[in-house]
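Below you'll find the structure, written out as structure tokens, and then a few comments.
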Amino acid sequence: SKNNELVKLARAQALSRIGHRQAAERLLTEVDSTQRYREQVLWQRFQNKMTEELYADAYHYLGQLRGSSYYAEAQNMYAKLRQGGLETSYSTTANYKGNSLSSYAMAGDVYLGGNTWVTAGVANARLSDKINTATVNSSSVGLVHRFARGSIGGTIINAVAGGAHTLYNVTGQYKVNDLTTVQATVGKRYIGFAKAVLHDFITEDYYTLALTNRFNQRNSWGIEYTGSSLTDGNRFYGYGLQYNYLAVKDPKKTHEFFGYYRRSGFNKTSDYYESPDKRLAWGGGWQAHWYADNSAYWQVRVNLEFGHDNQEPTDLSPSVRVKYMYPLGRKQELGVAAEYGVRTDRLNGSNSFRHGYKQLELMYSLNW
């Protein structure tokens, strides 16, 4: 009946709004294919594909909407789709051990067609400890292809530090269903410590496997495992669990609580980078996101972490991160973020808080 078809359309639209697009698509296939409902089904499918940046699929439905009451609006939406973007950023980080990192990066992407994007970037990183300083300049180029259930992409990186070194990463993501996503990454990267860069440019061949799942609209969890082999013969493992609870979500704000547990370690100790045989960390906190009337937004994250290396005493490390993004017109954004953490030092007999680390980031993005 007419009422049944309208109910199906309304339910499909509601499912799309909350990200359950596979369930929405199954429901749309059940809607009566007569002309009365066909246009509404095509319109919903077109909107879903635009949201997922599956522009080739959206163009297919745009053609099928020709002559319908939705065609002008769909054509206008398609004409405004994002064809590319450019992001620049600067960040500086320093911790209580005397390690610091200052980096500048510029990265962009351009839509090639067929749901495929080309990416490129350049970066400069300056790593320091109390004695050594190393600089790594890099350039990269890659491709990303999106499809209905996920994406796959790869990047080749040329890193220069006392010579040229070829690095890479390949990442695939697959949506098992609307609630569960799996992701796998393999690659080669350098170890981010000044002495490791200066000493034969130590790198690691790594892989990461991750799974995320939503119980419902408020509760989600994830698990991740990373393993790697380093060029100095060392080996690394690390795994983590995380749980998130979305307490508040509306067009103006979100509030979320989270908790996590992580464990990692190396087979042997190195003189060139931090390499504990066991590192444990667990904690939790709160994060929030507020939108202003001019589309600017604030993000705040408060974290309380406990952890230790090897057999050392457990320390408490609270931290706060604040981020502000301001729109410069419809297609540009300017942002700043600051993070600061303190820690106890029970290994040296102190339960009072001392400097842990600090970080500052500046960001600018342009889309067209």
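Here's how to read the names in the structure tokens: chain A, B, ... by the order shown, residue numbers from 1 in each chain, ligand numbers from 1 in the order shown.
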Which residues come within 10 Å of stretch 123-134 of chain A, counting only C-alpha atoms, excluding same-chain residues fewer than 2 positions away, as a JSON list (two decimals) with C-alpha atoms, in the first residue's frame?
```
[["chain", "number", "residue", "atom", "x", "y", "z"],
["A", 88, "THR", "CA", 49.21, 22.81, 5.61],
["A", 89, "SER", "CA", 50.26, 22.35, 9.21],
["A", 90, "TYR", "CA", 53.03, 23.11, 11.66],
["A", 91, "SER", "CA", 53.49, 21.33, 14.97],
["A", 92, "THR", "CA", 56.02, 21.29, 17.77],
["A", 93, "THR", "CA", 56.19, 18.76, 20.61],
["A", 94, "ALA", "CA", 58.56, 18.38, 23.57],
["A", 95, "ASN", "CA", 58.55, 15.96, 26.52],
["A", 97, "LYS", "CA", 62.89, 13.30, 28.58],
["A", 98, "GLY", "CA", 64.34, 16.04, 26.39],
["A", 99, "ASN", "CA", 62.96, 14.65, 23.11],
["A", 100, "SER", "CA", 61.37, 17.15, 20.75],
["A", 101, "LEU", "CA", 59.87, 17.20, 17.27],
["A", 102, "SER", "CA", 59.11, 20.19, 15.05],
["A", 103, "SER", "CA", 57.44, 19.46, 11.73],
["A", 104, "TYR", "CA", 55.92, 21.26, 8.78],
["A", 105, "ALA", "CA", 53.72, 19.44, 6.27],
["A", 106, "MET", "CA", 51.70, 20.24, 3.17],
["A", 107, "ALA", "CA", 49.36, 17.62, 1.69],
["A", 121, "GLY", "CA", 52.60, 15.90, 0.00],
["A", 136, "VAL", "CA", 64.14, 14.38, 7.60],
["A", 137, "ASN", "CA", 62.72, 15.90, 4.41],
["A", 138, "SER", "CA", 60.13, 13.86, 2.60],
["A", 139, "SER", "CA", 57.84, 13.94, -0.42],
["A", 140, "SER", "CA", 55.04, 11.53, -1.25],
["A", 159, "ALA", "CA", 62.66, 10.48, 2.68],
["A", 160, "VAL", "CA", 66.00, 12.30, 2.64],
["A", 161, "ALA", "CA", 68.26, 12.20, 5.72],
["A", 162, "GLY", "CA", 71.94, 11.67, 4.95],
["A", 192, "GLY", "CA", 61.15, 8.79, 15.08],
["A", 193, "PHE", "CA", 64.15, 9.42, 17.33],
["A", 194, "ALA", "CA", 67.11, 11.62, 16.45],
["A", 195, "LYS", "CA", 69.76, 8.98, 17.26],
["A", 196, "ALA", "CA", 67.88, 6.33, 15.23],
["A", 197, "VAL", "CA", 67.78, 8.62, 12.18],
["A", 198, "LEU", "CA", 71.48, 9.48, 12.50]]
```
List every residue of stretch 104-291 of chain A that DSSP, applied to the backbone, labels as strand (DSSP E), and write the result as a PyMOL selection string. chain A and resi 104-113+116-128+133-147+150-160+164-175+180-190+203-214+219-230+235-250+253-266+279-291
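Across the model, the gap from atom CA of A:Arg262 to atom CA of A:Tyr207 is 16.8 Å.
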Could you pull the residues within 9 Å of A:Leu81, counting only C-alpha atoms, minus those fewer than 6 positions along the same chain, as an NGL selection string? :A and (50 or 53 or 55 or 368)
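Within stretch 97-309 of chain A, residues classed as alpha helix (DSSP H) by DSSP on backbone coordinates are A:Ala194, A:Lys195, A:Ala196, A:Val197, A:Leu198.
Checking A:His165, A:Arg218, A:His145, A:Arg263 one by one against A:Arg189, counting only C-alpha atoms, you find the shortest gap at A:His165.
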Measure the distance from atom CA of A:Phe201 to atom CA of A:Asp277 in Å and round it to one decimal. 21.8 Å
Can you pull out every residue within 9 Å of A:Arg343, counting only C-alpha atoms, but drop anything in the same chain fewer than 3 positions away, and send it as a ChimeraX atom specification? /A:315-319,351-357
